[in-house]
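Peer 1: So I've got this file, coords_30.cif, and it contains mmCIF, C-alpha atoms:
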```
data_run
#
loop_
_atom_site.group_PDB
_atom_site.id
_atom_site.type_symbol
_atom_site.label_atom_id
_atom_site.label_comp_id
_atom_site.auth_asym_id
_atom_site.auth_seq_id
_atom_site.Cartn_x
_atom_site.Cartn_y
_atom_site.Cartn_z
ATOM 1 C CA MET A 168 173.253 38.725 104.715
ATOM 2 C CA ASN A 169 170.240 40.163 106.564
ATOM 3 C CA LYS A 170 170.070 40.856 110.275
ATOM 4 C CA LEU A 171 168.329 38.280 112.462
ATOM 5 C CA LEU A 172 165.352 40.455 113.419
ATOM 6 C CA LYS A 173 163.993 43.722 112.079
ATOM 7 C CA LYS A 174 160.950 45.829 112.924
ATOM 8 C CA ALA A 175 159.060 44.492 109.914
ATOM 9 C CA ASP A 176 159.523 40.934 111.239
ATOM 10 C CA ILE A 177 157.801 41.789 114.520
ATOM 11 C CA PHE A 178 154.999 43.520 112.599
ATOM 12 C CA LEU A 179 154.594 40.461 110.344
ATOM 13 C CA ILE A 180 154.496 38.073 113.320
ATOM 14 C CA LEU A 181 151.886 40.240 115.073
ATOM 15 C CA ILE A 182 149.659 40.460 111.979
ATOM 16 C CA ILE A 183 149.807 36.688 111.420
ATOM 17 C CA SER A 184 149.126 35.987 115.124
ATOM 18 C CA LEU A 185 146.080 38.266 115.131
ATOM 19 C CA ALA A 186 144.708 36.762 111.916
ATOM 20 C CA CYS A 187 145.101 33.202 113.273
ATOM 21 C CA SER A 188 143.512 34.130 116.617
ATOM 22 C CA ALA A 189 140.529 35.612 114.808
ATOM 23 C CA PHE A 190 139.911 32.232 113.170
ATOM 24 C CA LEU A 191 140.911 29.889 115.994
ATOM 25 C CA ILE A 192 139.366 31.477 119.103
ATOM 26 C CA PRO A 193 135.735 31.240 117.868
ATOM 27 C CA ARG A 194 136.329 27.517 117.253
ATOM 28 C CA LEU A 195 136.819 26.982 120.982
ATOM 29 C CA PHE A 196 133.255 28.146 121.593
ATOM 30 C CA SER A 197 131.575 25.504 119.465
ATOM 31 C CA ASP A 198 127.825 25.239 119.616
ATOM 32 C CA SER A 199 126.310 21.934 120.664
ATOM 33 C CA GLY A 200 124.981 20.874 117.267
ATOM 34 C CA LEU A 201 128.138 19.685 115.567
ATOM 35 C CA GLN A 202 127.893 17.983 112.197
ATOM 36 C CA ALA A 203 130.489 15.712 110.619
ATOM 37 C CA VAL A 204 130.619 16.253 106.879
ATOM 38 C CA VAL A 205 132.422 13.673 104.770
ATOM 39 C CA TYR A 206 133.718 14.539 101.302
ATOM 40 C CA LYS A 207 135.099 12.117 98.740
ATOM 41 C CA ASN A 208 136.884 13.562 95.729
ATOM 42 C CA GLY A 209 135.240 16.893 96.417
ATOM 43 C CA ALA A 210 131.653 15.623 96.642
ATOM 44 C CA GLU A 211 129.778 15.515 99.954
ATOM 45 C CA ILE A 212 128.896 11.873 100.578
ATOM 46 C CA SER A 213 127.610 12.021 104.126
ATOM 47 C CA ARG A 214 126.506 14.484 106.801
ATOM 48 C CA VAL A 215 126.010 13.228 110.352
ATOM 49 C CA ASN A 216 124.571 15.242 113.214
ATOM 50 C CA LEU A 217 126.880 14.133 116.032
ATOM 51 C CA SER A 218 124.456 15.020 118.835
ATOM 52 C CA GLU A 219 122.064 12.444 117.374
ATOM 53 C CA VAL A 220 124.629 9.629 117.580
ATOM 54 C CA LYS A 221 123.354 7.483 120.451
ATOM 55 C CA GLU A 222 125.907 4.709 120.146
ATOM 56 C CA SER A 223 129.296 4.929 118.458
ATOM 57 C CA TYR A 224 129.523 3.220 115.090
ATOM 58 C CA GLU A 225 131.959 2.705 112.225
ATOM 59 C CA THR A 226 131.488 3.065 108.483
ATOM 60 C CA LYS A 227 133.863 1.599 105.930
ATOM 61 C CA LEU A 228 134.183 3.872 102.917
ATOM 62 C CA ASP A 229 134.286 2.624 99.364
ATOM 63 C CA SER A 230 137.668 4.178 98.630
ATOM 64 C CA THR A 231 141.144 3.195 97.460
ATOM 65 C CA PRO A 232 142.980 2.768 99.776
ATOM 66 C CA ALA A 233 140.139 1.735 102.079
ATOM 67 C CA ALA A 234 139.349 3.978 105.038
ATOM 68 C CA THR A 235 136.995 3.513 107.982
ATOM 69 C CA LEU A 236 135.338 6.347 109.881
ATOM 70 C CA ARG A 237 134.155 6.214 113.473
ATOM 71 C CA PHE A 238 131.297 8.456 114.543
ATOM 72 C CA GLU A 239 130.826 9.200 118.229
ATOM 73 C CA LYS A 240 128.539 11.527 120.153
ATOM 74 C CA ASP A 241 131.343 14.019 120.719
ATOM 75 C CA GLY A 242 133.399 13.641 117.560
ATOM 76 C CA VAL A 243 134.457 11.768 114.466
ATOM 77 C CA CYS A 244 137.730 10.217 113.347
ATOM 78 C CA PHE A 245 139.427 7.962 110.842
ATOM 79 C CA SER A 246 139.623 4.705 112.818
ATOM 80 C CA HIS A 247 141.457 2.731 110.140
ATOM 81 C CA ALA A 248 143.151 3.380 106.819
ATOM 82 C CA GLU A 249 145.054 1.100 104.509
ATOM 83 C CA CYS A 250 147.424 3.798 103.273
ATOM 84 C CA LYS A 251 151.145 3.843 104.102
ATOM 85 C CA ASP A 252 151.560 6.679 106.591
ATOM 86 C CA LYS A 253 148.090 6.650 108.254
ATOM 87 C CA LEU A 254 148.289 10.368 108.979
ATOM 88 C CA CYS A 255 144.496 10.583 108.880
ATOM 89 C CA VAL A 256 144.195 8.027 111.696
ATOM 90 C CA LEU A 257 146.897 9.798 113.707
ATOM 91 C CA THR A 258 144.946 13.060 113.446
ATOM 92 C CA GLY A 259 142.650 11.605 116.100
ATOM 93 C CA LYS A 260 139.121 12.631 117.000
ATOM 94 C CA LEU A 261 137.720 15.863 115.596
ATOM 95 C CA THR A 262 135.646 17.500 118.300
ATOM 96 C CA HIS A 263 135.535 21.221 117.471
ATOM 97 C CA LYS A 264 133.885 23.226 114.750
ATOM 98 C CA GLY A 265 136.403 23.748 111.936
ATOM 99 C CA ASP A 266 138.444 20.605 112.729
ATOM 100 C CA VAL A 267 139.594 18.801 109.581
ATOM 101 C CA ALA A 268 141.121 15.400 108.845
ATOM 102 C CA ALA A 269 142.102 14.189 105.416
ATOM 103 C CA CYS A 270 143.250 10.984 103.760
ATOM 104 C CA LEU A 271 144.933 12.319 100.633
ATOM 105 C CA PRO A 272 145.513 8.992 98.839
ATOM 106 C CA ALA A 273 141.809 8.121 99.239
ATOM 107 C CA GLY A 274 140.641 11.672 98.484
ATOM 108 C CA VAL A 275 138.523 11.667 101.656
ATOM 109 C CA VAL A 276 138.127 14.707 103.901
ATOM 110 C CA ILE A 277 136.100 15.037 107.108
ATOM 111 C CA VAL A 278 135.138 18.486 108.324
ATOM 112 C CA VAL A 279 133.285 19.313 111.531
ATOM 113 C CA GLU A 280 130.761 22.068 111.009
ATOM 114 C CA GLY A 281 128.469 23.910 113.388
ATOM 115 C CA SER A 282 124.724 23.533 113.215
ATOM 116 C CA GLY A 283 124.455 27.032 111.797
ATOM 117 C CA LYS A 284 122.591 28.254 114.881
ATOM 118 C CA SER A 285 124.351 31.419 115.943
ATOM 119 C CA LEU A 286 124.968 32.156 119.594
ATOM 120 C CA PRO A 287 123.111 35.148 121.041
ATOM 121 C CA ASP A 288 125.050 38.410 121.003
ATOM 122 C CA VAL A 289 123.897 39.458 124.491
ATOM 123 C CA ILE A 290 121.906 37.781 127.236
ATOM 124 C CA THR A 291 119.969 40.051 129.599
ATOM 125 C CA TYR A 292 118.090 39.078 132.737
ATOM 126 C CA MET B 298 182.681 30.474 84.225
ATOM 127 C CA SER B 299 185.632 28.082 84.003
ATOM 128 C CA SER B 300 184.869 24.378 83.977
ATOM 129 C CA GLU B 301 186.657 23.989 87.332
ATOM 130 C CA ASN B 302 184.419 26.620 88.923
ATOM 131 C CA LYS B 303 181.362 25.030 87.359
ATOM 132 C CA THR B 304 182.331 21.646 88.757
ATOM 133 C CA LYS B 305 182.875 23.115 92.221
ATOM 134 C CA ARG B 306 179.487 24.832 92.004
ATOM 135 C CA VAL B 307 177.756 21.579 91.058
ATOM 136 C CA ALA B 308 179.588 19.764 93.861
ATOM 137 C CA LEU B 309 178.515 22.400 96.407
ATOM 138 C CA LEU B 310 174.908 22.142 95.230
ATOM 139 C CA GLY B 311 175.127 18.369 95.640
ATOM 140 C CA ILE B 312 176.398 18.770 99.200
ATOM 141 C CA LEU B 313 173.656 21.297 100.049
ATOM 142 C CA GLY B 314 171.029 19.003 98.499
ATOM 143 C CA ALA B 315 172.295 16.084 100.579
ATOM 144 C CA GLN B 316 172.241 18.222 103.728
ATOM 145 C CA ALA B 317 168.637 19.286 103.024
ATOM 146 C CA LEU B 318 167.652 15.630 102.583
ATOM 147 C CA ALA B 319 169.453 14.585 105.768
ATOM 148 C CA VAL B 320 167.655 17.276 107.780
ATOM 149 C CA SER B 321 164.298 16.312 106.195
ATOM 150 C CA PHE B 322 164.892 12.659 107.038
ATOM 151 C CA LEU B 323 165.930 13.384 110.635
ATOM 152 C CA GLU B 324 162.955 15.616 111.366
ATOM 153 C CA GLY B 325 160.708 12.931 109.884
ATOM 154 C CA LEU B 326 161.777 10.751 112.832
ATOM 155 C CA LEU B 327 160.353 13.255 115.330
ATOM 156 C CA PRO B 328 157.076 12.196 116.936
ATOM 157 C CA ALA B 329 153.899 14.110 116.018
ATOM 158 C CA LEU B 330 153.398 17.119 118.248
ATOM 159 C CA PRO B 331 150.170 17.044 120.270
ATOM 160 C CA GLY B 332 147.387 19.270 118.955
ATOM 161 C CA LEU B 333 148.941 19.588 115.516
ATOM 162 C CA PRO B 334 148.004 17.778 112.335
ATOM 163 C CA PRO B 335 150.203 14.678 112.008
ATOM 164 C CA GLY B 336 152.670 15.097 109.195
ATOM 165 C CA ALA B 337 153.291 18.753 110.107
ATOM 166 C CA LYS B 338 157.080 19.010 110.133
ATOM 167 C CA PRO B 339 159.261 21.823 111.462
ATOM 168 C CA GLY B 340 160.789 22.330 108.005
ATOM 169 C CA PHE B 341 164.354 22.791 109.209
ATOM 170 C CA SER B 342 165.644 21.864 105.740
ATOM 171 C CA ASN B 343 164.469 25.368 104.842
ATOM 172 C CA ILE B 344 167.721 26.481 106.496
ATOM 173 C CA VAL B 345 169.615 24.953 103.580
ATOM 174 C CA THR B 346 167.180 26.321 100.977
ATOM 175 C CA MET B 347 167.426 29.831 102.438
ATOM 176 C CA PHE B 348 171.207 29.719 102.538
ATOM 177 C CA THR B 349 171.268 28.496 98.923
ATOM 178 C CA ALA B 350 168.908 31.305 97.851
ATOM 179 C CA TYR B 351 171.144 33.844 99.605
ATOM 180 C CA SER B 352 174.498 32.557 98.449
ATOM 181 C CA MET B 353 173.870 30.928 95.062
ATOM 182 C CA GLY B 354 170.580 32.174 93.612
ATOM 183 C CA PHE B 355 166.955 31.408 92.801
ATOM 184 C CA TRP B 356 167.329 28.436 90.460
ATOM 185 C CA GLN B 357 169.817 26.737 92.764
ATOM 186 C CA ALA B 358 167.316 27.069 95.635
ATOM 187 C CA ILE B 359 164.597 25.688 93.364
ATOM 188 C CA LEU B 360 166.868 22.732 92.586
ATOM 189 C CA ILE B 361 167.176 21.975 96.321
ATOM 190 C CA THR B 362 163.355 22.098 96.513
ATOM 191 C CA LEU B 363 163.089 19.640 93.604
ATOM 192 C CA ILE B 364 165.583 17.265 95.236
ATOM 193 C CA LYS B 365 163.529 17.319 98.460
ATOM 194 C CA ALA B 366 160.284 16.708 96.544
ATOM 195 C CA ALA B 367 161.825 13.795 94.636
ATOM 196 C CA PHE B 368 163.020 12.274 97.930
ATOM 197 C CA ALA B 369 159.517 12.688 99.439
ATOM 198 C CA GLY B 370 158.032 11.044 96.343
ATOM 199 C CA LEU B 371 160.453 8.101 96.450
ATOM 200 C CA THR B 372 160.009 7.437 100.151
ATOM 201 C CA ARG B 373 156.361 8.411 100.768
ATOM 202 C CA GLY B 374 154.578 8.261 97.424
ATOM 203 C CA PRO B 375 153.048 10.598 94.824
ATOM 204 C CA SER B 376 150.850 12.580 97.265
ATOM 205 C CA ALA B 377 153.909 13.446 99.347
ATOM 206 C CA PHE B 378 155.786 14.454 96.167
ATOM 207 C CA LEU B 379 153.052 16.884 95.141
ATOM 208 C CA MET B 380 152.713 18.299 98.655
ATOM 209 C CA SER B 381 156.466 18.802 99.005
ATOM 210 C CA LEU B 382 156.787 20.285 95.513
ATOM 211 C CA SER B 383 153.936 22.793 95.786
ATOM 212 C CA GLY B 384 154.918 23.882 99.304
ATOM 213 C CA GLY B 385 158.592 24.084 98.406
ATOM 214 C CA LEU B 386 158.095 26.075 95.199
ATOM 215 C CA LEU B 387 155.780 28.669 96.747
ATOM 216 C CA SER B 388 158.014 28.971 99.784
ATOM 217 C CA THR B 389 161.173 29.447 97.685
ATOM 218 C CA VAL B 390 159.545 32.087 95.481
ATOM 219 C CA VAL B 391 158.348 34.102 98.518
ATOM 220 C CA MET B 392 161.728 33.668 100.237
ATOM 221 C CA TYR B 393 163.670 34.811 97.173
ATOM 222 C CA LEU B 394 161.447 37.851 96.557
ATOM 223 C CA LEU B 395 161.977 38.975 100.170
ATOM 224 C CA ILE B 396 165.726 38.329 100.029
ATOM 225 C CA ARG B 397 166.109 40.336 96.811
ATOM 226 C CA GLN B 398 164.050 43.338 97.977
ATOM 227 C CA LYS B 399 165.935 46.561 97.186
ATOM 228 C CA ARG B 400 165.273 47.902 100.652
ATOM 229 C CA GLN B 401 165.854 45.001 103.014
ATOM 230 C CA ARG B 402 162.831 45.369 105.276
ATOM 231 C CA PHE B 403 162.830 41.866 106.710
ATOM 232 C CA GLY B 404 165.391 40.046 108.803
ATOM 233 C CA LEU B 405 166.142 36.331 108.682
ATOM 234 C CA VAL B 406 163.296 35.605 111.110
ATOM 235 C CA GLY B 407 160.731 37.511 109.018
ATOM 236 C CA ILE B 408 161.825 35.866 105.763
ATOM 237 C CA SER B 409 161.844 32.460 107.404
ATOM 238 C CA VAL B 410 158.338 32.962 108.859
ATOM 239 C CA ALA B 411 156.953 34.216 105.534
ATOM 240 C CA SER B 412 158.418 31.281 103.640
ATOM 241 C CA ALA B 413 157.128 28.792 106.246
ATOM 242 C CA VAL B 414 153.600 30.233 105.934
ATOM 243 C CA ALA B 415 153.905 30.128 102.118
ATOM 244 C CA HIS B 416 155.043 26.495 102.364
ATOM 245 C CA ASN B 417 151.890 25.587 104.283
ATOM 246 C CA MET B 418 149.712 27.465 101.825
ATOM 247 C CA GLY B 419 151.336 25.647 98.904
ATOM 248 C CA GLN B 420 150.799 22.308 100.609
ATOM 249 C CA LEU B 421 147.166 23.076 101.348
ATOM 250 C CA LEU B 422 146.622 24.088 97.716
ATOM 251 C CA ALA B 423 148.047 20.721 96.655
ATOM 252 C CA ALA B 424 145.838 18.940 99.212
ATOM 253 C CA MET B 425 142.801 20.834 97.886
ATOM 254 C CA VAL B 426 143.639 19.704 94.347
ATOM 255 C CA LEU B 427 144.313 16.100 95.430
ATOM 256 C CA THR B 428 141.058 15.776 97.371
ATOM 257 C CA GLY B 429 138.999 18.206 95.267
ATOM 258 C CA THR B 430 137.760 19.622 98.570
ATOM 259 C CA GLY B 431 138.085 23.298 99.410
ATOM 260 C CA ALA B 432 137.067 22.672 103.030
ATOM 261 C CA ILE B 433 140.583 21.446 103.753
ATOM 262 C CA ILE B 434 141.571 25.122 103.998
ATOM 263 C CA GLY B 435 140.248 24.808 107.581
ATOM 264 C CA TYR B 436 143.727 23.489 108.464
ATOM 265 C CA LEU B 437 145.310 26.825 107.551
ATOM 266 C CA PRO B 438 144.994 28.832 110.816
ATOM 267 C CA LEU B 439 146.433 26.018 112.941
ATOM 268 C CA LEU B 440 149.212 25.294 110.458
ATOM 269 C CA THR B 441 150.036 28.996 110.285
ATOM 270 C CA VAL B 442 150.465 29.186 114.060
ATOM 271 C CA PHE B 443 152.826 26.217 113.752
ATOM 272 C CA ALA B 444 154.650 27.942 110.873
ATOM 273 C CA LEU B 445 155.152 31.032 113.039
ATOM 274 C CA GLY B 446 156.964 28.997 115.668
ATOM 275 C CA THR B 447 159.036 26.914 113.285
ATOM 276 C CA GLY B 448 159.790 29.945 111.080
ATOM 277 C CA ILE B 449 161.228 31.851 114.039
ATOM 278 C CA ILE B 450 163.307 28.852 115.157
ATOM 279 C CA THR B 451 164.551 28.227 111.599
ATOM 280 C CA GLY B 452 165.614 31.879 111.220
ATOM 281 C CA VAL B 453 167.540 31.763 114.493
ATOM 282 C CA ILE B 454 169.251 28.471 113.589
ATOM 283 C CA LEU B 455 170.183 29.838 110.149
ATOM 284 C CA LYS B 456 171.833 32.856 111.760
ATOM 285 C CA ALA B 457 173.800 30.505 114.018
ATOM 286 C CA VAL B 458 174.973 28.139 111.265
ATOM 287 C CA ILE B 459 175.722 30.772 108.587
ATOM 288 C CA PRO B 460 179.457 30.907 109.491
ATOM 289 C CA VAL B 461 179.725 27.115 109.117
ATOM 290 C CA LEU B 462 177.853 27.110 105.812
ATOM 291 C CA ILE B 463 180.026 29.974 104.500
ATOM 292 C CA ARG B 464 183.162 28.056 105.479
ATOM 293 C CA GLN B 465 181.792 25.009 103.656
ATOM 294 C CA SER B 466 181.116 27.135 100.543
ATOM 295 C CA ARG B 467 184.671 28.534 100.628
ATOM 296 C CA PHE B 468 185.986 25.005 100.461
ATOM 297 C CA PHE B 469 184.274 24.882 97.047
ATOM 298 C CA GLY B 470 185.814 28.208 95.998
ATOM 299 C CA ARG B 471 182.762 30.409 96.655
#
```
Give the structure from the file, written as structure tokens.

Peer 2:
Amino acid sequence: MNKLLKKADIFLILIISLACSAFLIPRLFSDSGLQAVVYKNGAEISRVNLSEVKESYETKLDSTPAATLRFEKDGVCFSHAECKDKLCVLTGKLTHKGDVAACLPAGVVIVVEGSGKSLPDVITY
Amino acid sequence: MSSENKTKRVALLGILGAQALAVSFLEGLLPALPGLPPGAKPGFSNIVTMFTAYSMGFWQAILITLIKAAFAGLTRGPSAFLMSLSGGLLSTVVMYLLIRQKRQRFGLVGISVASAVAHNMGQLLAAMVLTGTGAIIGYLPLLTVFALGTGIITGVILKAVIPVLIRQSRFFGR
């Protein structure tokens, strides 16, 4: 049977770490105009600009099993779901660009997107 | 193969399948780790699948994957069945290809990491099909970081328990 660790393993781990960092680090620098996009069975059913949410509110989706979304100024979450494991509710609030929560039995996915405004490359004074 | 050997082989597969299920069940009792998608499991039952792929072969490892998927389906429903099946199949194929490489480039840790990443990819593919939403791929980077950690731990544990698993196999004449 193989050894525990070989050079190729370290190379593989480094490559995967770098690839993940390249995707995850930019997410930490989200712009202010976050949008919550809700998909049901692959079709976009709602797009909410979170910065425009003055007061938190909930929306019950027409899905089976039923799921309720809660939109807040700084994020969005599944607040209630009538499925068995409630993994979507346990995912908690999505607050960063690229965050995803899904209720598989209901076919509902929420994705947080940026406003599309890119940050300046350089600021000079 | 004599019928006695065949029976012992089937019995050993049954034991390995039961061990994979027991590990899956026990890790299902672990609380969700903060910052990670709920439902993300360490995948320690991969230890059994990897040992089966090493010691018995591809189809036997696939059978363990099918047993795990059936258990997920019975206990958590059809979505869980599909997720477990797609992740398990892709993971086992990647694992077996790396194990059977002519020049063994990867160690247990590398094979375990690669199969953990493949497992996540398979699950995300199933989730994309179930929801019809490609955007769910956004989970991938975070899940892959998780797979790195669990893959390394799984490889190390496999190395540690190999002597015990070999002794168990000898009991069944292998």

Peer 1: Using atom CA of Asp266 of chain A and atom CA of Gly435 of chain B as the two end points, give the distance in Å to one decimal.

Peer 2: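 Computed distance, atom CA of Asp266 of chain A to atom CA of Gly435 of chain B, equals 6.9 Å.
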
Peer 1: Just say which residues the PyMOL selection byres ((chain B and resi 414) around 12) picks in this file, as a ChimeraX atom specification.

Peer 2: /A:179-180,183-184,187 /B:339-340,343,384-385,387-389,391-392,407-413,415-421,437-449

Peer 1: Kindly determine which residues of chain B lie within 9 Å of chain A, considering only C-alpha atoms, and give the answer as a PyMOL selection string.

Peer 2: chain B and resi 329+332-336+351-352+373-376+396+401-408+410-411+424-425+427-439+441-442+445+452-453+455-456

Peer 1: Could you tell me how far atom CA of Thr451 of chain B lies from atom CA of Val426 of chain B, in Å and to one decimal?

Peer 2: 28.4 Å

Peer 1: Out of A:His263, A:Ala203, A:Arg214, A:Lys221, which residue has the shortest atom-to-atom distance to Val243 of chain A when counting all atoms listed in the file?

Peer 2: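 Once distances to Val243 of chain A are computed over all atoms listed in the file, the minimum belongs to A:Ala203.
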
Peer 1: Translate the PyMOL selection byres ((chain B and resi 361) around 10) into a concrete residue list for this structure, as a list in words.

Peer 2: Leu310, Gly311, Leu313, Gly314, Ala315, Gln316, Ala317, Leu318, Ser342, Asn343, Val345, Thr346, Met347, Thr349, Ala350, Trp356, Gln357, Ala358, Ile359, Leu360, Thr362, Leu363, Ile364, Lys365, Ala366, Ala367, Gly385 and Thr389 of chain B

Peer 1: Print the selection's residues with C-alpha atoms to a file, as a PDB file, in the frame of the given file.

Peer 2:
```pdb
ATOM      1  CA  LEU B 310     174.908  22.142  95.230  1.00  0.00           C
ATOM      2  CA  GLY B 311     175.127  18.369  95.640  1.00  0.00           C
ATOM      3  CA  LEU B 313     173.656  21.297 100.049  1.00  0.00           C
ATOM      4  CA  GLY B 314     171.029  19.003  98.499  1.00  0.00           C
ATOM      5  CA  ALA B 315     172.295  16.084 100.579  1.00  0.00           C
ATOM      6  CA  GLN B 316     172.241  18.222 103.728  1.00  0.00           C
ATOM      7  CA  ALA B 317     168.637  19.286 103.024  1.00  0.00           C
ATOM      8  CA  LEU B 318     167.652  15.630 102.583  1.00  0.00           C
ATOM      9  CA  SER B 342     165.644  21.864 105.740  1.00  0.00           C
ATOM     10  CA  ASN B 343     164.469  25.368 104.842  1.00  0.00           C
ATOM     11  CA  VAL B 345     169.615  24.953 103.580  1.00  0.00           C
ATOM     12  CA  THR B 346     167.180  26.321 100.977  1.00  0.00           C
ATOM     13  CA  MET B 347     167.426  29.831 102.438  1.00  0.00           C
ATOM     14  CA  THR B 349     171.268  28.496  98.923  1.00  0.00           C
ATOM     15  CA  ALA B 350     168.908  31.305  97.851  1.00  0.00           C
ATOM     16  CA  TRP B 356     167.329  28.436  90.460  1.00  0.00           C
ATOM     17  CA  GLN B 357     169.817  26.737  92.764  1.00  0.00           C
ATOM     18  CA  ALA B 358     167.316  27.069  95.635  1.00  0.00           C
ATOM     19  CA  ILE B 359     164.597  25.688  93.364  1.00  0.00           C
ATOM     20  CA  LEU B 360     166.868  22.732  92.586  1.00  0.00           C
ATOM     21  CA  THR B 362     163.355  22.098  96.513  1.00  0.00           C
ATOM     22  CA  LEU B 363     163.089  19.640  93.604  1.00  0.00           C
ATOM     23  CA  ILE B 364     165.583  17.265  95.236  1.00  0.00           C
ATOM     24  CA  LYS B 365     163.529  17.319  98.460  1.00  0.00           C
ATOM     25  CA  ALA B 366     160.284  16.708  96.544  1.00  0.00           C
ATOM     26  CA  ALA B 367     161.825  13.795  94.636  1.00  0.00           C
ATOM     27  CA  GLY B 385     158.592  24.084  98.406  1.00  0.00           C
ATOM     28  CA  THR B 389     161.173  29.447  97.685  1.00  0.00           C
TER      29      THR B 389
END
```

Peer 1: If you measure from atom CA of Gly242 of chain A to atom CA of Ser230 of chain A, what distance in Å do you get, rounded to one decimal?

Peer 2: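 So the two atoms, atom CA of Gly242 of chain A and atom CA of Ser230 of chain A, lie 21.6 Å apart.
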
Peer 1: Might you spell out which residues the PyMOL selection byres ((chain A and resi 226) around 8) would select in the displayed file, as a VMD selection string?

Peer 2: chain A and resid 224 to 225 227 to 228 235 to 237

Peer 1: Quick one: everything within 7 Å of Ala233 of chain A, counting all atoms listed in the file, minus sequence neighbours fewer than 4 positions away in the same chain. Send it as a list in words.

Peer 2: Leu228, Asp229, Ala248 and Glu249 of chain A

Peer 1: Would you output that residue set with C-alpha atoms, as a PDB file, in the coordinates of the input?

Peer 2:
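Full text of out15.pdb as output:
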```pdb
ATOM      1  CA  LEU A 228     134.183   3.872 102.917  1.00  0.00           C
ATOM      2  CA  ASP A 229     134.286   2.624  99.364  1.00  0.00           C
ATOM      3  CA  ALA A 248     143.151   3.380 106.819  1.00  0.00           C
ATOM      4  CA  GLU A 249     145.054   1.100 104.509  1.00  0.00           C
TER       5      GLU A 249
END
```

Peer 1: From the set A:Cys250, A:Glu239, A:Ala234, A:Ser223, which residue has the shortest atom-to-atom contact distance to Gln202 of chain A, counting only C-alpha atoms?

Peer 2: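 Counting only C-alpha atoms, the residue closest to Gln202 of chain A is A:Glu239.
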
Peer 1: Let me have the centre and edge lengths in Å, one decimal, of the box along x, y and z around every listed atom of segment 405-423 of chain B with 8 Å of margin on each side, as AutoDock Vina command-line options.

Peer 2:
```
--center_x 156.4 --center_y 29.1 --center_z 103.9 --size_x 35.5 --size_y 32.8 --size_z 30.5
```
